[in-house]
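This report concerns only the one structure given below.
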Amino acid sequence: MIPLEFTITKKGKGLARMGRIETPHGAIETPAFVVVGTKATVKALTPEQVKELGTQVVLGNTYHLYLEPGDELVRDAGGLGKFMHWDGPTMTDSGGFQVFSLGAGFGRGNTKFEATVAPEGGEEQERLATIDEEGVSFRSHKDGSSHRFTPEKSMEIQHNLAADMFFAFDECTLPTAPREYQVEAMERTHRWAQRSLAHHKKFEAGLPAEAERRQALFGIVQGGRFSDLREQSARTIGKMAFAGFGIGGSFSKEDLGDTLALVNKILPEEKPRHLLGIGEPEDLFLGIQNGCDMFDCVLPTRLGRNGTLYTARGKINITNAKYVRDFSPIDEDCGCYTCTNFTRAYVAHLFRAKEMLAATLASTHNLYFIVHLVDDIRQAILEDQFDDVRARFLAAYRANN
RNA sequence: GCGCCGGUCGUAUAGUGGCAAUUACAUGAGACUGUAAAUCUCACGGCCUUUGGCCUUCGGUGGUUCGAGUCCACCCCGGCGCA
């Protein structure tokens, strides 16, 4: 059986498209926002709550699940979805991002975006990961124990995790890395992509013909902030026999859209494209109009837990003093569980009282907001209203920010 | 009445001659993009020409000292013990 079937149902303006991905665990209407559940749980939410707010797909993480509770345990539990009681489609990240966050990006000041990287004059911290041609050696952030990932190892772990879609092992670079290093890292990522693919093919060849569980492997385009490298990476990765493609690495905020357009014009049209780790509402519009089909991002849940909530009129920090006696919902126009049943004052109280329900209500709302925003954009493509919907959304969203 | 101990930034504390004064919590604000994140950063007496300066602060009033939250005297308040 084919692991994944992608159908484009409608093309919009520019590179925008609406489609449908069939997986062994159900269909995904695209564009879609993938909800992040790193350690086989969407933090603060039960799978029923995750489903209820409109989630189509959940993403788990290779690095975290390998360390805890161990990928073999997840395999023995029946795979990621079964283990966490999520019966819909799943995907796993390859651990490539941790090569970045534990290595070059070590410390909290460094992100994937050029604009948000602080000059940071602090002393060098000891990195937890070092890269060589074969793979990455790293120490666990939990207990300091030593481990090693190679493309082959990442494939094996992800086979055990058994998500419907998974990613080739790659290297995510710092936005501040010099061009010379970006070239080196990109070429290494290409070789790792080839090795990931070869290892996966070998694994598939060993499966019984009627095996139900087939996983779709996605290759990852890198290239940092350099358009010619992005182009080169898209050509190289795009030619490989992946079921879909991820676009990863560092970006500069200003030309995110241009970079995506460049890459997506090159990637095969008939395969789904996932923009890794993005993003904010503005980024989602940008990604969709430039040809991306799926997105995942920790922001809705992380911001939620930290008290920042999305509203149609921009983000608010619910812990601000001005919300203590605000008896209106977080967002007047929101249909989520939190907004239909609770006030800003109540959510503010939960945060101030450090009650666990704060994280649940905030995550519910933020995920609902983002998931439904992408749903609305999908609908807009169908109705040829993309530009209007975007203009209207951004005008209101930016009004107070 | 006598003796002992104690009164420091909203609260709890550190500080026994150089201090606008420690730490925690609380408070105020900010950050967060393939989750080392229910985390992190900053502010928290006032003012200014803000890698510095000035003023006002450690129960009250006086005193000793170049200099007092710190030492002394008395007073006020609280706790404990003895009457």
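Note on naming: chains are A, B, ... as they come in the structure tokens, residues start from 1 per chain, ligands start from 1 in the order shown.
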Close residues, Gly219 in chain A itself excluded, 12 Å, only C-alpha atoms (C1' of nucleotides), min 4 positions apart in chain, as a PDB file with C-alpha atoms, in the first residue's frame:
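As a result, selection09.pdb now contains:
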ATOM      1  CA  ASP A  93      10.553  15.080  13.676  1.00  0.00           C
ATOM      2  CA  SER A  94      13.925  13.475  12.959  1.00  0.00           C
ATOM      3  CA  GLY A  96      17.596  17.256  13.406  1.00  0.00           C
ATOM      4  CA  PRO A 151      20.619   9.229   9.600  1.00  0.00           C
ATOM      5  CA  MET A 155      15.241   6.179  10.680  1.00  0.00           C
ATOM      6  CA  MET A 165       4.851  10.750   8.240  1.00  0.00           C
ATOM      7  CA  PHE A 166       8.431  11.242   9.327  1.00  0.00           C
ATOM      8  CA  PHE A 167      11.493  13.220   8.406  1.00  0.00           C
ATOM      9  CA  ALA A 168      14.983  12.588   7.110  1.00  0.00           C
ATOM     10  CA  PHE A 169      17.775  13.425   9.521  1.00  0.00           C
ATOM     11  CA  ASP A 170      19.044  16.935   8.845  1.00  0.00           C
ATOM     12  CA  GLU A 171      21.048  19.742  10.333  1.00  0.00           C
ATOM     13  CA  THR A 189      22.144  17.359   5.018  1.00  0.00           C
ATOM     14  CA  HIS A 190      21.836  16.266   1.386  1.00  0.00           C
ATOM     15  CA  ARG A 191      24.078  13.275   1.983  1.00  0.00           C
ATOM     16  CA  TRP A 192      22.138  12.469   5.145  1.00  0.00           C
ATOM     17  CA  ALA A 193      18.901  12.705   3.142  1.00  0.00           C
ATOM     18  CA  GLN A 194      20.223  10.150   0.698  1.00  0.00           C
ATOM     19  CA  ARG A 195      21.264   7.870   3.529  1.00  0.00           C
ATOM     20  CA  SER A 196      17.930   8.308   5.321  1.00  0.00           C
ATOM     21  CA  LEU A 197      16.087   7.403   2.159  1.00  0.00           C
ATOM     22  CA  ALA A 198      18.273   4.391   1.429  1.00  0.00           C
ATOM     23  CA  HIS A 200      14.147   3.524   4.857  1.00  0.00           C
ATOM     24  CA  SER A 233      18.881  22.376  -1.791  1.00  0.00           C
ATOM     25  CA  ALA A 234      15.353  22.289  -3.217  1.00  0.00           C
ATOM     26  CA  ARG A 235      16.682  20.885  -6.494  1.00  0.00           C
ATOM     27  CA  THR A 236      18.781  18.236  -4.814  1.00  0.00           C
ATOM     28  CA  ILE A 237      16.244  17.124  -2.208  1.00  0.00           C
ATOM     29  CA  GLY A 238      13.334  17.548  -4.638  1.00  0.00           C
ATOM     30  CA  LYS A 239      14.829  14.972  -6.991  1.00  0.00           C
ATOM     31  CA  MET A 240      15.034  12.321  -4.306  1.00  0.00           C
ATOM     32  CA  ALA A 241      12.211   9.815  -3.956  1.00  0.00           C
ATOM     33  CA  PHE A 242      10.622  11.248  -0.853  1.00  0.00           C
ATOM     34  CA  ALA A 243       6.881  11.094  -0.207  1.00  0.00           C
ATOM     35  CA  GLY A 244       6.877  14.740   0.757  1.00  0.00           C
ATOM     36  CA  PHE A 245       9.170  17.556   1.733  1.00  0.00           C
ATOM     37  CA  GLY A 246       9.970  19.564   4.785  1.00  0.00           C
ATOM     38  CA  ILE A 247      11.425  23.035   4.632  1.00  0.00           C
ATOM     39  CA  GLY A 248      13.652  23.665   7.586  1.00  0.00           C
ATOM     40  CA  LEU A 267       9.851  21.084  -5.314  1.00  0.00           C
ATOM     41  CA  LYS A 271       3.938  16.109  -3.171  1.00  0.00           C
ATOM     42  CA  PRO A 272       3.054  17.758   0.125  1.00  0.00           C
ATOM     43  CA  ARG A 273       5.311  20.382   1.668  1.00  0.00           C
ATOM     44  CA  HIS A 274       5.699  20.934   5.350  1.00  0.00           C
ATOM     45  CA  LEU A 275       7.173  24.138   6.726  1.00  0.00           C
ATOM     46  CA  LEU A 276       8.981  23.069   9.868  1.00  0.00           C
TER      47      LEU A 276
END
Exercise answer, chain A residues close to chain B, 6 Å and only C-alpha atoms (C1' of nucleotides), as number ranges by chain: A: 97, 141, 276-279, 305
All alpha helix (DSSP H) residues (DSSP, backbone) inside range 128-292 of chain A, as a PyMOL selection string: chain A and resi 151-161+179-205+227-239+256-266+281-289
Generate a file of the selected residues that holds C-alpha atoms, formatted as an mmCIF file, in the first residue's frame.
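Heads up, here's the output in out21.cif:
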data_model
loop_
_atom_site.group_PDB
_atom_site.id
_atom_site.type_symbol
_atom_site.label_atom_id
_atom_site.label_comp_id
_atom_site.auth_asym_id
_atom_site.auth_seq_id
_atom_site.Cartn_x
_atom_site.Cartn_y
_atom_site.Cartn_z
ATOM 1 C CA PRO A 151 20.619 9.229 9.600
ATOM 2 C CA GLU A 152 20.223 5.462 9.902
ATOM 3 C CA LYS A 153 19.661 5.645 13.646
ATOM 4 C CA SER A 154 17.065 8.371 13.213
ATOM 5 C CA MET A 155 15.241 6.179 10.680
ATOM 6 C CA GLU A 156 15.285 3.230 13.048
ATOM 7 C CA ILE A 157 13.942 5.265 15.920
ATOM 8 C CA GLN A 158 11.245 6.741 13.723
ATOM 9 C CA HIS A 159 10.314 3.308 12.406
ATOM 10 C CA ASN A 160 9.786 2.307 16.012
ATOM 11 C CA LEU A 161 7.760 5.427 16.705
ATOM 12 C CA ARG A 179 27.850 31.160 4.238
ATOM 13 C CA GLU A 180 30.781 28.796 4.148
ATOM 14 C CA TYR A 181 29.298 26.808 7.001
ATOM 15 C CA GLN A 182 25.794 26.919 5.521
ATOM 16 C CA VAL A 183 27.172 25.297 2.380
ATOM 17 C CA GLU A 184 28.936 22.617 4.374
ATOM 18 C CA ALA A 185 25.872 21.886 6.525
ATOM 19 C CA MET A 186 23.543 21.870 3.522
ATOM 20 C CA GLU A 187 25.684 19.437 1.581
ATOM 21 C CA ARG A 188 25.930 17.221 4.629
ATOM 22 C CA THR A 189 22.144 17.359 5.018
ATOM 23 C CA HIS A 190 21.836 16.266 1.386
ATOM 24 C CA ARG A 191 24.078 13.275 1.983
ATOM 25 C CA TRP A 192 22.138 12.469 5.145
ATOM 26 C CA ALA A 193 18.901 12.705 3.142
ATOM 27 C CA GLN A 194 20.223 10.150 0.698
ATOM 28 C CA ARG A 195 21.264 7.870 3.529
ATOM 29 C CA SER A 196 17.930 8.308 5.321
ATOM 30 C CA LEU A 197 16.087 7.403 2.159
ATOM 31 C CA ALA A 198 18.273 4.391 1.429
ATOM 32 C CA HIS A 199 17.892 3.092 4.954
ATOM 33 C CA HIS A 200 14.147 3.524 4.857
ATOM 34 C CA LYS A 201 13.876 1.724 1.509
ATOM 35 C CA LYS A 202 15.812 -1.171 2.919
ATOM 36 C CA PHE A 203 13.465 -1.273 5.895
ATOM 37 C CA GLU A 204 10.399 -1.176 3.667
ATOM 38 C CA ALA A 205 11.755 -3.945 1.477
ATOM 39 C CA SER A 227 18.564 32.051 -1.828
ATOM 40 C CA ASP A 228 20.989 30.308 -4.139
ATOM 41 C CA LEU A 229 21.630 27.656 -1.494
ATOM 42 C CA ARG A 230 17.899 27.246 -0.898
ATOM 43 C CA GLU A 231 17.452 26.778 -4.604
ATOM 44 C CA GLN A 232 20.254 24.272 -4.781
ATOM 45 C CA SER A 233 18.881 22.376 -1.791
ATOM 46 C CA ALA A 234 15.353 22.289 -3.217
ATOM 47 C CA ARG A 235 16.682 20.885 -6.494
ATOM 48 C CA THR A 236 18.781 18.236 -4.814
ATOM 49 C CA ILE A 237 16.244 17.124 -2.208
ATOM 50 C CA GLY A 238 13.334 17.548 -4.638
ATOM 51 C CA LYS A 239 14.829 14.972 -6.991
ATOM 52 C CA LEU A 256 10.605 34.190 4.383
ATOM 53 C CA GLY A 257 7.953 34.455 1.676
ATOM 54 C CA ASP A 258 10.441 34.851 -1.156
ATOM 55 C CA THR A 259 12.503 31.937 0.091
ATOM 56 C CA LEU A 260 9.453 29.705 0.275
ATOM 57 C CA ALA A 261 8.316 30.745 -3.194
ATOM 58 C CA LEU A 262 11.731 29.950 -4.564
ATOM 59 C CA VAL A 263 11.851 26.546 -2.919
ATOM 60 C CA ASN A 264 8.275 25.556 -3.660
ATOM 61 C CA LYS A 265 8.568 26.432 -7.342
ATOM 62 C CA ILE A 266 11.296 23.826 -7.511
ATOM 63 C CA PRO A 281 -0.293 33.968 12.015
ATOM 64 C CA GLU A 282 1.561 36.251 9.585
ATOM 65 C CA ASP A 283 3.952 33.422 8.758
ATOM 66 C CA LEU A 284 1.102 31.033 8.040
ATOM 67 C CA PHE A 285 -0.411 33.368 5.439
ATOM 68 C CA LEU A 286 3.023 33.794 3.954
ATOM 69 C CA GLY A 287 3.680 30.059 3.918
ATOM 70 C CA ILE A 288 0.363 29.180 2.368
ATOM 71 C CA GLN A 289 0.443 31.767 -0.373
#
Test item: residues at most 6 Å from Gly249 in chain A, only C-alpha atoms (C1' of nucleotides), excluding those fewer than 5 positions along its chain, as a list in words: Cys172, Thr173, Gln222 and Gly224 of chain A
Contacts of G69 in chain B at 9 Å (only C-alpha atoms (C1' of nucleotides); same-chain gap of 5+ positions) as a ChimeraX atom specification: /B:8,15,19,21,58
d(CA of Ala104 in chain A, CA of Leu128 in chain A) in Å: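 About the pair CA of Ala104 in chain A and CA of Leu128 in chain A: they are 9.2 Å apart.
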Gap from CA of His147 in chain A to CA of Glu114 in chain A - Å, one decimal: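 Distance between the two atoms: 29.6 Å.
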Taking the backbone alone, and naming residues the way the document does, which bits of range 107-240 of chain A are strand (DSSP E) by DSSP, as a JSON list (two decimals) with C-alpha atoms, in the first residue's frame?
[["chain", "number", "residue", "atom", "x", "y", "z"],
["A", 129, "ALA", "CA", 26.05, 18.22, 20.61],
["A", 130, "THR", "CA", 28.88, 17.94, 18.09],
["A", 131, "ILE", "CA", 28.48, 17.16, 14.41],
["A", 136, "VAL", "CA", 25.86, 13.76, 15.69],
["A", 137, "SER", "CA", 27.16, 12.91, 19.13],
["A", 138, "PHE", "CA", 25.25, 14.48, 21.93],
["A", 139, "ARG", "CA", 24.66, 14.33, 25.62],
["A", 146, "SER", "CA", 26.21, 10.18, 25.78],
["A", 147, "HIS", "CA", 24.32, 9.23, 22.64],
["A", 148, "ARG", "CA", 24.75, 9.28, 18.91],
["A", 149, "PHE", "CA", 22.35, 9.86, 16.06],
["A", 165, "MET", "CA", 4.85, 10.75, 8.24],
["A", 166, "PHE", "CA", 8.43, 11.24, 9.33],
["A", 167, "PHE", "CA", 11.49, 13.22, 8.41],
["A", 216, "ALA", "CA", 5.86, 8.29, 4.46],
["A", 217, "LEU", "CA", 9.35, 9.76, 4.56],
["A", 218, "PHE", "CA", 9.83, 13.48, 3.99],
["A", 219, "GLY", "CA", 13.15, 14.99, 2.90],
["A", 220, "ILE", "CA", 14.22, 18.35, 4.29],
["A", 221, "VAL", "CA", 15.35, 21.38, 2.32]]
Find the residues around Lys315 in chain A up to 12 Å (only C-alpha atoms (C1' of nucleotides) counted), leave out those fewer than 6 positions away in its own chain, and share them as a short mmCIF file (atom, residue, chain, number, x, y, z; two decimals) with N, CA and C atoms, in the first residue's frame.
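Below is the file result_18.cif, written as the result:
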data_model
loop_
_atom_site.label_atom_id
_atom_site.label_comp_id
_atom_site.auth_asym_id
_atom_site.auth_seq_id
_atom_site.Cartn_x
_atom_site.Cartn_y
_atom_site.Cartn_z
N GLU A 280 3.88 31.97 13.38
CA GLU A 280 2.96 33.03 13.77
C GLU A 280 1.91 33.18 12.68
N PRO A 281 0.76 33.78 13.02
CA PRO A 281 -0.29 33.97 12.02
C PRO A 281 0.22 34.58 10.71
N LEU A 299 4.60 27.41 19.30
CA LEU A 299 4.14 28.68 19.85
C LEU A 299 2.76 28.65 20.50
N PRO A 300 1.74 28.10 19.84
CA PRO A 300 0.43 28.17 20.48
C PRO A 300 0.43 27.59 21.90
N LEU A 303 3.35 29.68 24.16
CA LEU A 303 2.87 31.02 24.51
C LEU A 303 1.72 30.90 25.48
N GLY A 304 0.84 29.96 25.21
CA GLY A 304 -0.31 29.77 26.09
C GLY A 304 0.13 29.50 27.52
N GLY A 307 1.24 32.53 29.26
CA GLY A 307 0.30 33.62 29.49
C GLY A 307 -0.01 34.52 28.30
N THR A 308 0.57 34.22 27.14
CA THR A 308 0.27 35.03 25.96
C THR A 308 -0.81 34.33 25.14
N LEU A 309 -1.87 35.09 24.82
CA LEU A 309 -3.00 34.50 24.12
C LEU A 309 -3.26 35.22 22.80
N ILE A 330 -11.70 35.85 26.22
CA ILE A 330 -10.38 36.17 25.70
C ILE A 330 -10.51 36.81 24.33
N ASP A 331 -11.34 36.20 23.49
CA ASP A 331 -11.57 36.74 22.15
C ASP A 331 -13.06 36.65 21.86
N HIS A 365 -7.29 27.45 23.80
CA HIS A 365 -7.64 28.65 23.02
C HIS A 365 -6.63 28.93 21.92
N ASN A 366 -5.35 28.94 22.25
CA ASN A 366 -4.33 29.28 21.25
C ASN A 366 -4.30 28.28 20.10
N PHE A 369 -7.29 28.80 17.97
CA PHE A 369 -7.11 30.02 17.18
C PHE A 369 -6.28 29.74 15.93
N ALA A 396 -6.92 43.67 11.38
CA ALA A 396 -7.41 43.61 12.76
C ALA A 396 -6.31 43.14 13.71
N TYR A 397 -5.58 42.15 13.26
CA TYR A 397 -4.56 41.53 14.12
C TYR A 397 -3.45 42.52 14.48
N ARG A 398 -3.11 43.37 13.53
CA ARG A 398 -2.01 44.31 13.76
C ARG A 398 -2.48 45.61 14.37
N ALA A 399 -3.79 45.81 14.44
CA ALA A 399 -4.33 47.09 14.89
C ALA A 399 -3.76 47.53 16.23
N ASN A 400 -3.62 46.61 17.15
CA ASN A 400 -3.15 46.98 18.49
C ASN A 400 -1.71 46.59 18.78
N ASN A 401 -1.04 46.08 17.78
CA ASN A 401 0.33 45.63 18.04
C ASN A 401 1.38 46.54 17.41
#
Counting only C-alpha atoms (C1' of nucleotides), the residue of B:A68, B:G62, B:A73, B:G79 that sits nearest U16 in chain B: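 Under the stated criterion, the closest residue is B:A68.
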Point-to-point distance in Å for CA of Val57 in chain A and CA of Ala32 in chain A: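 Interatomic distance here is 8.2 Å.
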